[in-house]
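Asker: Take this structure, written in structure tokens, and hold onto it; I'll ask about it next.
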Amino acid sequence: MVSAPTPDATPLALSLRDISKRFGATQALDRSTLNVRRGTLHALLGENGAGKTTLMRLAFGMAKPDTGTIQVDGQLCVWRSSADALRAGVGMVHQHFLLVPAMTVAENISLGRGGMFSGFDPRAAAERVAALVAETGLAIDPTARAGELPVGAQQRLEILKALSHDARVLILDEPTAVLSPQETQDLYAWLRRFVESGRTVVLITHKVREALQIADDITVLRRGRTVLQVPAKDASEIEVLAALLGEATTLTAPHVRTPAHLSAVPVLTVDDVRVRDSRGTDRLKGVKVRVFGGEILGVAGVEGAGQLELLRVMAGRCAPYAGSATRPAQIGFVPEDRHRDAVIGAWTLVENFALKDAGTASGTLAWRGYAARAEAGVRTQDVRTNSVHNSMASLSGGNQQKFVLARELEGAPAALIVENPTRGLDVRAASQVLDALRAARDAGVAVVIHSSDLDELFSVSDRMVVCFAGTVRDVAVDRHAVGRAMVGLT
């Protein structure tokens with residue numbers, strides 16, 4: 001289902017045609033097309049992993065497409081790097097800011113222009129910033145250090161960096177993910193003024209209603225393919241959601257699941273919890289959640305919606321600044337990034353199993369005991385290895401994940417928190433991990449799972465909650481209801 005924008009005489013500022021890009025075994029983009037009219041704000045939507053950011057990174061010269069063409073103002077372009085894109089008038093503001101915290105605003109802008117390496121003049125740099133501020137209306141102190149700026153000012157600095165190169169096409173990746181509602185309104189107002197001056201914006205976002213309100217045109221990607229291109233005025237929420245989710249969004253009766261052995265009282269409780277990040281932005285806002293033994297609670301949400309903070313509070317890995325979390329004495333935690341947060345590749349399986357007691361063990365460690373426990377876990381979760389004395393790095397990704405699950409399930413914990421448990425696994429390993437979660441649920445464990453794969457969540461969840469902009473609400477285990485809630489629709 002691909003609808004072309006209404007033909008008119010407006011020339012294209014940016015055109016990407018038949019773009020394909022593969023990363024190893026992953027086909028990130030498959031003959032995707034994006035046509036952005038000059039002087040318009042174009043919203044690019046899609047679920048996590050749909051290829052939105054990859055497509056715009058190619059447009060900005062951060063990588064090269066395997067196939068397809070890129071045109072700016074009708075001219076065919078082949079980027080060697082982002083510097084080429086900048087010279088052609090394409091700028092990009094990334095979701096995770098690329099600032100040097102110790103440098104001032106003027107120094108960051110000069111660094112981006114190469115001025116720091118060709119004789120830096122602080123006065124001239126400050127004057128350049130002042131001129132940009134006067135031109136754009138994006139107020140900022142040129143002498144302030146970037147790391148000390150609030151998040152809204154840091155974003156203004158990133159935009160000024162792009163505009164210092166005379167960008168005519170400005171790409172913004174999820175620009176409101178870390179902004180307050182007022183900062184979001186201010187940014188959108190500025191973007192409308194920017195396009196009314198004849199320049200162009202591509203806005204990567206997951207917020208359907210906001211996209212329909214602010215954008216001139218909308219493109220939707222799903223699994224690396226362009227599935228919808230339409231003027232915003234001609235699009236409906238239902239049509240966009242259908243394109244996002246890959247099916248018609250007709251209302252159906254919610255699927256209600258009743259676990260066989262649900263505990264009478266909650267095992268895990270989050271009460272009026274608030275969490276702030278290092279920038280002072282609220283990531284969770286007065287959240288209340290209860291989880292019972294013998295159920296799997298699925299947590300859905302697009303990136304940055306608050307689900308990471310929610311699971312970390314539940315697991316005791318993140319301390320809220322307000323509210324409280326009541327946890328059982330025994331709780332397992334399977335983090336999203338096992339290499340960073342769960343295992344040490346150079347250590348043996350026995351040594352990695354001993355990490356389970358890292359916070360409580362003291363004195364001489366009983367290595368024979370840990371070896372026996374590791375062997376039991378390996379058998380229970382069918383971890384493929386010929387010895388628990390092999391290094392963790394010798395295991396495949398799927399077997400590493402099953403090992404972490406075996407370790408965290410040892411001793412029958414009352415609760416288990418898992419983040420994207422099948423990330424990077426093949427079909428067989430992913431199926432085994434999900435079966436293990438169902439088995440834990442059937443044994444009475446309170447399981448909480450977040451996955452960026454909605455099909456996976458629907459396949460295992462007894463109940464679901466959706467995170468959106470730091471809030472959490474109960475939603476039926478129903479694709480339509482969850483899809484609407486993930487993009488802020490009631």
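In the structure tokens, each chain is lettered A, B, ... as it comes, each chain's residues begin at 1, and ligands are numbered from 1 in order of appearance.
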Would you please give, as an NGL selection string, all residues of region 17-164 of chain A that DSSP assigns to strand (DSSP E or B) based on the backbone?

Answerer: :A and (17-23 or 26-37 or 41-45 or 67-72 or 75-77 or 90-93 or 104 or 145)

Asker: Output N, CA and C atoms of each residue in that selection to a file, as an mmCIF file, in the first residue's frame.

Answerer:
```
data_model
loop_
_atom_site.group_PDB
_atom_site.id
_atom_site.type_symbol
_atom_site.label_atom_id
_atom_site.label_comp_id
_atom_site.auth_asym_id
_atom_site.auth_seq_id
_atom_site.Cartn_x
_atom_site.Cartn_y
_atom_site.Cartn_z
ATOM 1 N N ARG A 17 15.792 7.087 -3.873
ATOM 2 C CA ARG A 17 14.998 6.178 -4.693
ATOM 3 C C ARG A 17 15.614 4.782 -4.717
ATOM 4 N N ASP A 18 14.753 3.803 -4.475
ATOM 5 C CA ASP A 18 15.147 2.391 -4.534
ATOM 6 C C ASP A 18 16.380 2.110 -3.675
ATOM 7 N N ILE A 19 16.368 2.618 -2.449
ATOM 8 C CA ILE A 19 17.512 2.478 -1.542
ATOM 9 C C ILE A 19 17.456 1.133 -0.813
ATOM 10 N N SER A 20 18.544 0.381 -0.936
ATOM 11 C CA SER A 20 18.685 -0.863 -0.172
ATOM 12 C C SER A 20 19.969 -0.796 0.642
ATOM 13 N N LYS A 21 19.927 -1.400 1.839
ATOM 14 C CA LYS A 21 21.099 -1.427 2.700
ATOM 15 C C LYS A 21 21.025 -2.654 3.594
ATOM 16 N N ARG A 22 22.103 -3.419 3.569
ATOM 17 C CA ARG A 22 22.191 -4.615 4.390
ATOM 18 C C ARG A 22 23.343 -4.483 5.371
ATOM 19 N N PHE A 23 23.107 -4.903 6.625
ATOM 20 C CA PHE A 23 24.153 -4.981 7.635
ATOM 21 C C PHE A 23 24.272 -6.446 8.035
ATOM 22 N N THR A 26 21.159 -8.744 8.250
ATOM 23 C CA THR A 26 19.967 -7.912 8.415
ATOM 24 C C THR A 26 19.763 -7.015 7.195
ATOM 25 N N GLN A 27 18.608 -7.128 6.563
ATOM 26 C CA GLN A 27 18.242 -6.250 5.458
ATOM 27 C C GLN A 27 17.543 -5.045 6.066
ATOM 28 N N ALA A 28 18.303 -3.962 6.299
ATOM 29 C CA ALA A 28 17.754 -2.789 6.977
ATOM 30 C C ALA A 28 16.813 -2.007 6.076
ATOM 31 N N LEU A 29 17.155 -1.905 4.791
ATOM 32 C CA LEU A 29 16.325 -1.187 3.824
ATOM 33 C C LEU A 29 16.201 -2.034 2.565
ATOM 34 N N ASP A 30 14.995 -2.039 2.008
ATOM 35 C CA ASP A 30 14.736 -2.871 0.833
ATOM 36 C C ASP A 30 13.997 -2.036 -0.216
ATOM 37 N N ARG A 31 14.762 -1.400 -1.096
ATOM 38 C CA ARG A 31 14.227 -0.580 -2.189
ATOM 39 C C ARG A 31 13.292 0.517 -1.674
ATOM 40 N N SER A 32 13.721 1.198 -0.619
ATOM 41 C CA SER A 32 12.925 2.272 -0.025
ATOM 42 C C SER A 32 13.025 3.544 -0.865
ATOM 43 N N THR A 33 11.954 4.324 -0.822
ATOM 44 C CA THR A 33 11.906 5.585 -1.555
ATOM 45 C C THR A 33 11.363 6.676 -0.648
ATOM 46 N N LEU A 34 11.969 7.847 -0.738
ATOM 47 C CA LEU A 34 11.509 9.014 0.020
ATOM 48 C C LEU A 34 11.664 10.245 -0.863
ATOM 49 N N ASN A 35 10.565 10.940 -1.112
ATOM 50 C CA ASN A 35 10.580 12.167 -1.908
ATOM 51 C C ASN A 35 10.099 13.321 -1.048
ATOM 52 N N VAL A 36 10.971 14.315 -0.833
ATOM 53 C CA VAL A 36 10.677 15.426 0.068
ATOM 54 C C VAL A 36 10.600 16.715 -0.741
ATOM 55 N N ARG A 37 9.435 17.335 -0.716
ATOM 56 C CA ARG A 37 9.235 18.570 -1.481
ATOM 57 C C ARG A 37 9.919 19.754 -0.796
ATOM 58 N N LEU A 41 7.619 20.371 5.540
ATOM 59 C CA LEU A 41 8.025 19.543 6.669
ATOM 60 C C LEU A 41 7.496 18.140 6.389
ATOM 61 N N HIS A 42 8.403 17.187 6.287
ATOM 62 C CA HIS A 42 8.062 15.823 5.901
ATOM 63 C C HIS A 42 8.291 14.901 7.084
ATOM 64 N N ALA A 43 7.248 14.215 7.533
ATOM 65 C CA ALA A 43 7.357 13.291 8.665
ATOM 66 C C ALA A 43 7.644 11.886 8.160
ATOM 67 N N LEU A 44 8.672 11.252 8.747
ATOM 68 C CA LEU A 44 9.046 9.879 8.408
ATOM 69 C C LEU A 44 8.739 9.004 9.617
ATOM 70 N N LEU A 45 7.778 8.092 9.475
ATOM 71 C CA LEU A 45 7.317 7.275 10.588
ATOM 72 C C LEU A 45 7.623 5.809 10.357
ATOM 73 N N THR A 67 22.299 -0.129 -2.960
ATOM 74 C CA THR A 67 21.703 0.203 -4.253
ATOM 75 C C THR A 67 20.869 1.454 -4.087
ATOM 76 N N GLY A 68 20.531 2.091 -5.213
ATOM 77 C CA GLY A 68 19.668 3.259 -5.177
ATOM 78 C C GLY A 68 20.423 4.559 -5.370
ATOM 79 N N THR A 69 19.677 5.644 -5.480
ATOM 80 C CA THR A 69 20.258 6.961 -5.754
ATOM 81 C C THR A 69 19.776 8.003 -4.752
ATOM 82 N N ILE A 70 20.618 9.016 -4.544
ATOM 83 C CA ILE A 70 20.299 10.157 -3.679
ATOM 84 C C ILE A 70 20.424 11.419 -4.517
ATOM 85 N N GLN A 71 19.394 12.267 -4.477
ATOM 86 C CA GLN A 71 19.431 13.542 -5.182
ATOM 87 C C GLN A 71 19.101 14.670 -4.212
ATOM 88 N N VAL A 72 19.818 15.770 -4.338
ATOM 89 C CA VAL A 72 19.541 16.987 -3.578
ATOM 90 C C VAL A 72 19.289 18.093 -4.578
ATOM 91 N N GLN A 75 19.954 17.201 -8.158
ATOM 92 C CA GLN A 75 21.298 16.808 -8.560
ATOM 93 C C GLN A 75 21.668 15.463 -7.934
ATOM 94 N N LEU A 76 22.153 14.543 -8.775
ATOM 95 C CA LEU A 76 22.583 13.241 -8.276
ATOM 96 C C LEU A 76 23.804 13.399 -7.378
ATOM 97 N N CYS A 77 23.780 12.773 -6.203
ATOM 98 C CA CYS A 77 24.856 12.931 -5.215
ATOM 99 C C CYS A 77 25.389 11.558 -4.798
ATOM 100 N N VAL A 90 22.780 19.612 3.284
ATOM 101 C CA VAL A 90 21.997 18.669 4.092
ATOM 102 C C VAL A 90 22.607 18.605 5.490
ATOM 103 N N GLY A 91 21.813 18.884 6.516
ATOM 104 C CA GLY A 91 22.263 18.798 7.905
ATOM 105 C C GLY A 91 21.403 17.821 8.675
ATOM 106 N N MET A 92 21.978 17.251 9.728
ATOM 107 C CA MET A 92 21.224 16.270 10.525
ATOM 108 C C MET A 92 21.457 16.492 12.004
ATOM 109 N N VAL A 93 20.375 16.461 12.773
ATOM 110 C CA VAL A 93 20.422 16.521 14.231
ATOM 111 C C VAL A 93 20.054 15.135 14.741
ATOM 112 N N THR A 104 32.497 25.152 24.897
ATOM 113 C CA THR A 104 31.415 26.136 24.884
ATOM 114 C C THR A 104 30.561 25.959 23.635
ATOM 115 N N ARG A 145 28.955 26.367 28.528
ATOM 116 C CA ARG A 145 29.507 25.052 28.207
ATOM 117 C C ARG A 145 28.363 24.111 27.835
#
```

Asker: Could you name the residues that touch Val169 (chain A) at 12 Å or less, counting only C-alpha atoms, but leaving out those on the same chain fewer than 3 positions away, as number ranges by chain?

Answerer: A: 12-15, 36-42, 56, 59-60, 71-73, 85-93, 159, 162-163, 165-166, 172, 191, 194-195, 197-203

Asker: Excluding Lys64 (chain A) and its own-chain neighbours fewer than 2 positions away, which residues fall within 8 Å of it when counting only C-alpha atoms? Please give them as a list in words.

Answerer: Leu58, Gly61, Met62, Asp66, Trp79 and Arg80 of chain A

Asker: Output C-alpha atoms of each residue in that selection to a file, as an mmCIF file, in the first residue's frame.

Answerer:
```cif
data_model
loop_
_atom_site.group_PDB
_atom_site.id
_atom_site.type_symbol
_atom_site.label_atom_id
_atom_site.label_comp_id
_atom_site.auth_asym_id
_atom_site.auth_seq_id
_atom_site.Cartn_x
_atom_site.Cartn_y
_atom_site.Cartn_z
ATOM 1 C CA LEU A 58 22.432 7.397 4.192
ATOM 2 C CA GLY A 61 26.462 10.490 4.110
ATOM 3 C CA MET A 62 27.133 8.465 7.254
ATOM 4 C CA ASP A 66 24.069 -0.844 -1.469
ATOM 5 C CA TRP A 79 28.565 10.977 -0.628
ATOM 6 C CA ARG A 80 32.043 10.042 0.515
#
```

Asker: For the structure I just gave you, how does DSSP split region 265-376 of chain A - specifically, which residues are helix (DSSP H, G or I)? Reply as a ChimeraX atom specification.

Answerer: /A:307-315,338-341,349-357,367-376

Asker: Using only N, CA and C atoms, please write the residues we just selected to a file, as an mmCIF file, in the first residue's frame.

Answerer:
```
data_model
loop_
_atom_site.group_PDB
_atom_site.id
_atom_site.type_symbol
_atom_site.label_atom_id
_atom_site.label_comp_id
_atom_site.auth_asym_id
_atom_site.auth_seq_id
_atom_site.Cartn_x
_atom_site.Cartn_y
_atom_site.Cartn_z
ATOM 1 N N GLN A 307 10.191 2.786 29.011
ATOM 2 C CA GLN A 307 10.156 1.362 29.362
ATOM 3 C C GLN A 307 11.469 0.878 29.959
ATOM 4 N N LEU A 308 12.602 1.398 29.482
ATOM 5 C CA LEU A 308 13.888 0.992 30.049
ATOM 6 C C LEU A 308 13.962 1.364 31.519
ATOM 7 N N GLU A 309 13.571 2.596 31.840
ATOM 8 C CA GLU A 309 13.609 3.035 33.230
ATOM 9 C C GLU A 309 12.640 2.237 34.093
ATOM 10 N N LEU A 310 11.469 1.910 33.554
ATOM 11 C CA LEU A 310 10.485 1.133 34.309
ATOM 12 C C LEU A 310 11.043 -0.231 34.683
ATOM 13 N N LEU A 311 11.620 -0.934 33.714
ATOM 14 C CA LEU A 311 12.155 -2.263 33.999
ATOM 15 C C LEU A 311 13.335 -2.196 34.950
ATOM 16 N N ARG A 312 14.163 -1.156 34.811
ATOM 17 C CA ARG A 312 15.324 -1.042 35.701
ATOM 18 C C ARG A 312 14.889 -0.722 37.137
ATOM 19 N N VAL A 313 13.838 0.060 37.306
ATOM 20 C CA VAL A 313 13.298 0.304 38.652
ATOM 21 C C VAL A 313 12.777 -1.004 39.233
ATOM 22 N N MET A 314 12.048 -1.764 38.432
ATOM 23 C CA MET A 314 11.514 -3.038 38.904
ATOM 24 C C MET A 314 12.627 -4.002 39.309
ATOM 25 N N ALA A 315 13.728 -3.979 38.560
ATOM 26 C CA ALA A 315 14.835 -4.891 38.839
ATOM 27 C C ALA A 315 15.756 -4.389 39.939
ATOM 28 N N ARG A 338 23.690 -8.112 26.779
ATOM 29 C CA ARG A 338 24.327 -9.106 27.661
ATOM 30 C C ARG A 338 25.834 -8.908 27.743
ATOM 31 N N HIS A 339 26.455 -8.465 26.652
ATOM 32 C CA HIS A 339 27.910 -8.291 26.660
ATOM 33 C C HIS A 339 28.344 -7.164 27.586
ATOM 34 N N ARG A 340 27.550 -6.126 27.661
ATOM 35 C CA ARG A 340 27.896 -4.992 28.514
ATOM 36 C C ARG A 340 27.455 -5.197 29.960
ATOM 37 N N ASP A 341 26.281 -5.823 30.146
ATOM 38 C CA ASP A 341 25.661 -5.811 31.471
ATOM 39 C C ASP A 341 25.465 -7.175 32.123
ATOM 40 N N LEU A 349 32.332 -20.122 31.901
ATOM 41 C CA LEU A 349 30.927 -20.168 32.287
ATOM 42 C C LEU A 349 30.793 -20.250 33.802
ATOM 43 N N VAL A 350 31.695 -20.972 34.444
ATOM 44 C CA VAL A 350 31.669 -21.078 35.907
ATOM 45 C C VAL A 350 31.856 -19.707 36.535
ATOM 46 N N GLU A 351 32.860 -18.975 36.067
ATOM 47 C CA GLU A 351 33.135 -17.641 36.619
ATOM 48 C C GLU A 351 31.968 -16.700 36.357
ATOM 49 N N ASN A 352 31.362 -16.802 35.183
ATOM 50 C CA ASN A 352 30.201 -15.960 34.889
ATOM 51 C C ASN A 352 29.007 -16.337 35.753
ATOM 52 N N PHE A 353 28.874 -17.623 36.086
ATOM 53 C CA PHE A 353 27.782 -18.018 36.970
ATOM 54 C C PHE A 353 27.992 -17.428 38.362
ATOM 55 N N ALA A 354 29.250 -17.331 38.770
ATOM 56 C CA ALA A 354 29.553 -16.775 40.091
ATOM 57 C C ALA A 354 29.183 -15.300 40.200
ATOM 58 N N LEU A 355 29.033 -14.611 39.046
ATOM 59 C CA LEU A 355 28.622 -13.205 39.083
ATOM 60 C C LEU A 355 27.253 -13.033 39.732
ATOM 61 N N LYS A 356 26.467 -14.081 39.755
ATOM 62 C CA LYS A 356 25.149 -14.015 40.394
ATOM 63 C C LYS A 356 25.259 -13.597 41.845
ATOM 64 N N ASP A 357 26.352 -13.985 42.507
ATOM 65 C CA ASP A 357 26.531 -13.690 43.934
ATOM 66 C C ASP A 357 27.534 -12.565 44.171
ATOM 67 N N TRP A 367 34.440 -22.880 44.255
ATOM 68 C CA TRP A 367 34.384 -23.030 42.814
ATOM 69 C C TRP A 367 33.753 -24.350 42.383
ATOM 70 N N ARG A 368 33.923 -25.411 43.175
ATOM 71 C CA ARG A 368 33.270 -26.675 42.812
ATOM 72 C C ARG A 368 31.754 -26.515 42.839
ATOM 73 N N GLY A 369 31.293 -25.784 43.826
ATOM 74 C CA GLY A 369 29.859 -25.544 43.923
ATOM 75 C C GLY A 369 29.342 -24.737 42.741
ATOM 76 N N TYR A 370 30.113 -23.709 42.370
ATOM 77 C CA TYR A 370 29.694 -22.897 41.228
ATOM 78 C C TYR A 370 29.727 -23.718 39.936
ATOM 79 N N ALA A 371 30.704 -24.618 39.802
ATOM 80 C CA ALA A 371 30.769 -25.473 38.619
ATOM 81 C C ALA A 371 29.539 -26.377 38.540
ATOM 82 N N ALA A 372 29.137 -26.930 39.693
ATOM 83 C CA ALA A 372 27.955 -27.790 39.715
ATOM 84 C C ALA A 372 26.694 -26.993 39.368
ATOM 85 N N ARG A 373 26.607 -25.772 39.897
ATOM 86 C CA ARG A 373 25.446 -24.936 39.597
ATOM 87 C C ARG A 373 25.410 -24.544 38.128
ATOM 88 N N ALA A 374 26.580 -24.219 37.581
ATOM 89 C CA ALA A 374 26.647 -23.870 36.158
ATOM 90 C C ALA A 374 26.232 -25.042 35.292
ATOM 91 N N GLU A 375 26.708 -26.250 35.633
ATOM 92 C CA GLU A 375 26.352 -27.436 34.863
ATOM 93 C C GLU A 375 24.844 -27.701 34.929
ATOM 94 N N ALA A 376 24.247 -27.479 36.085
ATOM 95 C CA ALA A 376 22.805 -27.672 36.219
ATOM 96 C C ALA A 376 22.044 -26.671 35.360
#
```

Asker: Which residue gives the smallest distance to Glu295 (chain A) among A:His389, A:His206, A:Arg276, A:Arg438, with only C-alpha atoms counted?

Answerer: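 So, comparing all the options, the nearest one is A:Arg438.
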
Asker: Within 9 Å of Val100 (chain A), counting only C-alpha atoms, which residues qualify if same-chain residues fewer than 5 places away don't, as a count of residues only?

Answerer: 5

Asker: Near region 316-333 of chain A, counting only C-alpha atoms, which residues have an atom at most 9 Å away, once you skip same-chain residues fewer than 6 positions from it, shown as a VMD selection string?

Answerer: chain A and resid 267 to 276 284 286 to 287 309 to 310 342 404 to 405 407 to 419

Asker: Could you tell me how far CA of Phe403 (chain A) sits from CA of Gly377 (chain A), in Å to one decimal place?

Answerer: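 Calculated distance between CA of Gly377 (chain A) and CA of Phe403 (chain A) is 7.1 Å.
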
Asker: Taking 2 positions as the minimum chain separation for residues in the same chain, which residues sit within 12 Å of Leu228 (chain A) when counting only C-alpha atoms? Answer as an NGL selection string.

Answerer: :A and (1-5 or 32-35 or 43-46 or 217-222 or 225-226 or 230-232 or 234-236 or 239-246)

Asker: Quick one: write out the picked residues with N, CA and C atoms as an mmCIF file, in the first residue's frame?

Answerer:
```cif
data_model
loop_
_atom_site.group_PDB
_atom_site.id
_atom_site.type_symbol
_atom_site.label_atom_id
_atom_site.label_comp_id
_atom_site.auth_asym_id
_atom_site.auth_seq_id
_atom_site.Cartn_x
_atom_site.Cartn_y
_atom_site.Cartn_z
ATOM 1 N N MET A 1 0.855 -1.185 0.000
ATOM 2 C CA MET A 1 0.000 0.000 0.000
ATOM 3 C C MET A 1 0.888 1.231 0.000
ATOM 4 N N VAL A 2 1.075 1.851 -1.152
ATOM 5 C CA VAL A 2 1.886 3.062 -1.263
ATOM 6 C C VAL A 2 1.103 4.081 -2.042
ATOM 7 N N SER A 3 0.789 5.205 -1.422
ATOM 8 C CA SER A 3 0.090 6.283 -2.101
ATOM 9 C C SER A 3 1.065 7.403 -2.368
ATOM 10 N N ALA A 4 1.057 7.927 -3.549
ATOM 11 C CA ALA A 4 1.965 9.021 -3.897
ATOM 12 C C ALA A 4 1.360 10.337 -3.476
ATOM 13 N N PRO A 5 2.194 11.300 -3.004
ATOM 14 C CA PRO A 5 1.687 12.613 -2.684
ATOM 15 C C PRO A 5 1.039 13.253 -3.910
ATOM 16 N N SER A 32 13.721 1.198 -0.619
ATOM 17 C CA SER A 32 12.925 2.272 -0.025
ATOM 18 C C SER A 32 13.025 3.544 -0.865
ATOM 19 N N THR A 33 11.954 4.324 -0.822
ATOM 20 C CA THR A 33 11.906 5.585 -1.555
ATOM 21 C C THR A 33 11.363 6.676 -0.648
ATOM 22 N N LEU A 34 11.969 7.847 -0.738
ATOM 23 C CA LEU A 34 11.509 9.014 0.020
ATOM 24 C C LEU A 34 11.664 10.245 -0.863
ATOM 25 N N ASN A 35 10.565 10.940 -1.112
ATOM 26 C CA ASN A 35 10.580 12.167 -1.908
ATOM 27 C C ASN A 35 10.099 13.321 -1.048
ATOM 28 N N ALA A 43 7.248 14.215 7.533
ATOM 29 C CA ALA A 43 7.357 13.291 8.665
ATOM 30 C C ALA A 43 7.644 11.886 8.160
ATOM 31 N N LEU A 44 8.672 11.252 8.747
ATOM 32 C CA LEU A 44 9.046 9.879 8.408
ATOM 33 C C LEU A 44 8.739 9.004 9.617
ATOM 34 N N LEU A 45 7.778 8.092 9.475
ATOM 35 C CA LEU A 45 7.317 7.275 10.588
ATOM 36 C C LEU A 45 7.623 5.809 10.357
ATOM 37 N N GLY A 46 7.622 5.049 11.449
ATOM 38 C CA GLY A 46 7.834 3.612 11.388
ATOM 39 C C GLY A 46 8.110 3.073 12.773
ATOM 40 N N ASP A 217 3.729 16.410 4.463
ATOM 41 C CA ASP A 217 3.674 15.081 3.843
ATOM 42 C C ASP A 217 4.138 14.035 4.839
ATOM 43 N N ILE A 218 3.712 12.791 4.620
ATOM 44 C CA ILE A 218 4.059 11.697 5.522
ATOM 45 C C ILE A 218 4.522 10.499 4.699
ATOM 46 N N THR A 219 5.611 9.889 5.163
ATOM 47 C CA THR A 219 6.068 8.617 4.608
ATOM 48 C C THR A 219 6.181 7.624 5.750
ATOM 49 N N VAL A 220 5.722 6.395 5.526
ATOM 50 C CA VAL A 220 5.808 5.333 6.532
ATOM 51 C C VAL A 220 6.679 4.207 5.990
ATOM 52 N N LEU A 221 7.655 3.790 6.814
ATOM 53 C CA LEU A 221 8.466 2.611 6.512
ATOM 54 C C LEU A 221 8.014 1.453 7.391
ATOM 55 N N ARG A 222 8.016 0.267 6.832
ATOM 56 C CA ARG A 222 7.770 -0.935 7.622
ATOM 57 C C ARG A 222 8.716 -2.024 7.139
ATOM 58 N N ARG A 225 10.839 -1.142 4.065
ATOM 59 C CA ARG A 225 10.185 -0.788 2.805
ATOM 60 C C ARG A 225 9.247 0.395 2.987
ATOM 61 N N THR A 226 9.140 1.204 1.942
ATOM 62 C CA THR A 226 8.197 2.312 1.953
ATOM 63 C C THR A 226 6.803 1.761 1.682
ATOM 64 N N VAL A 230 1.973 10.002 1.474
ATOM 65 C CA VAL A 230 0.696 10.699 1.326
ATOM 66 C C VAL A 230 0.795 12.096 1.933
ATOM 67 N N PRO A 231 0.102 13.095 1.367
ATOM 68 C CA PRO A 231 0.007 14.392 2.031
ATOM 69 C C PRO A 231 -0.691 14.241 3.375
ATOM 70 N N ALA A 232 -0.204 14.945 4.378
ATOM 71 C CA ALA A 232 -0.777 14.793 5.719
ATOM 72 C C ALA A 232 -2.259 15.141 5.741
ATOM 73 N N ASP A 234 -4.430 14.500 3.657
ATOM 74 C CA ASP A 234 -5.247 13.428 3.100
ATOM 75 C C ASP A 234 -5.157 12.142 3.905
ATOM 76 N N ALA A 235 -4.375 12.135 4.977
ATOM 77 C CA ALA A 235 -4.144 10.911 5.752
ATOM 78 C C ALA A 235 -5.019 10.892 6.996
ATOM 79 N N SER A 236 -5.403 9.712 7.412
ATOM 80 C CA SER A 236 -6.144 9.531 8.660
ATOM 81 C C SER A 236 -5.287 8.727 9.626
ATOM 82 N N GLU A 239 -5.410 5.057 8.743
ATOM 83 C CA GLU A 239 -4.600 4.687 7.581
ATOM 84 C C GLU A 239 -3.120 4.606 7.951
ATOM 85 N N VAL A 240 -2.646 5.588 8.723
ATOM 86 C CA VAL A 240 -1.235 5.599 9.105
ATOM 87 C C VAL A 240 -0.920 4.428 10.031
ATOM 88 N N LEU A 241 -1.808 4.161 10.987
ATOM 89 C CA LEU A 241 -1.590 3.033 11.890
ATOM 90 C C LEU A 241 -1.583 1.708 11.139
ATOM 91 N N ALA A 242 -2.458 1.581 10.147
ATOM 92 C CA ALA A 242 -2.482 0.354 9.350
ATOM 93 C C ALA A 242 -1.155 0.167 8.634
ATOM 94 N N ALA A 243 -0.592 1.276 8.119
ATOM 95 C CA ALA A 243 0.701 1.194 7.446
ATOM 96 C C ALA A 243 1.812 0.848 8.437
ATOM 97 N N LEU A 244 1.754 1.433 9.629
ATOM 98 C CA LEU A 244 2.773 1.178 10.639
ATOM 99 C C LEU A 244 2.760 -0.271 11.102
ATOM 100 N N LEU A 245 1.557 -0.792 11.348
ATOM 101 C CA LEU A 245 1.425 -2.100 11.984
ATOM 102 C C LEU A 245 1.311 -3.244 10.999
ATOM 103 N N GLY A 246 1.012 -2.921 9.724
ATOM 104 C CA GLY A 246 1.001 -3.962 8.721
ATOM 105 C C GLY A 246 -0.293 -4.713 8.601
#
```
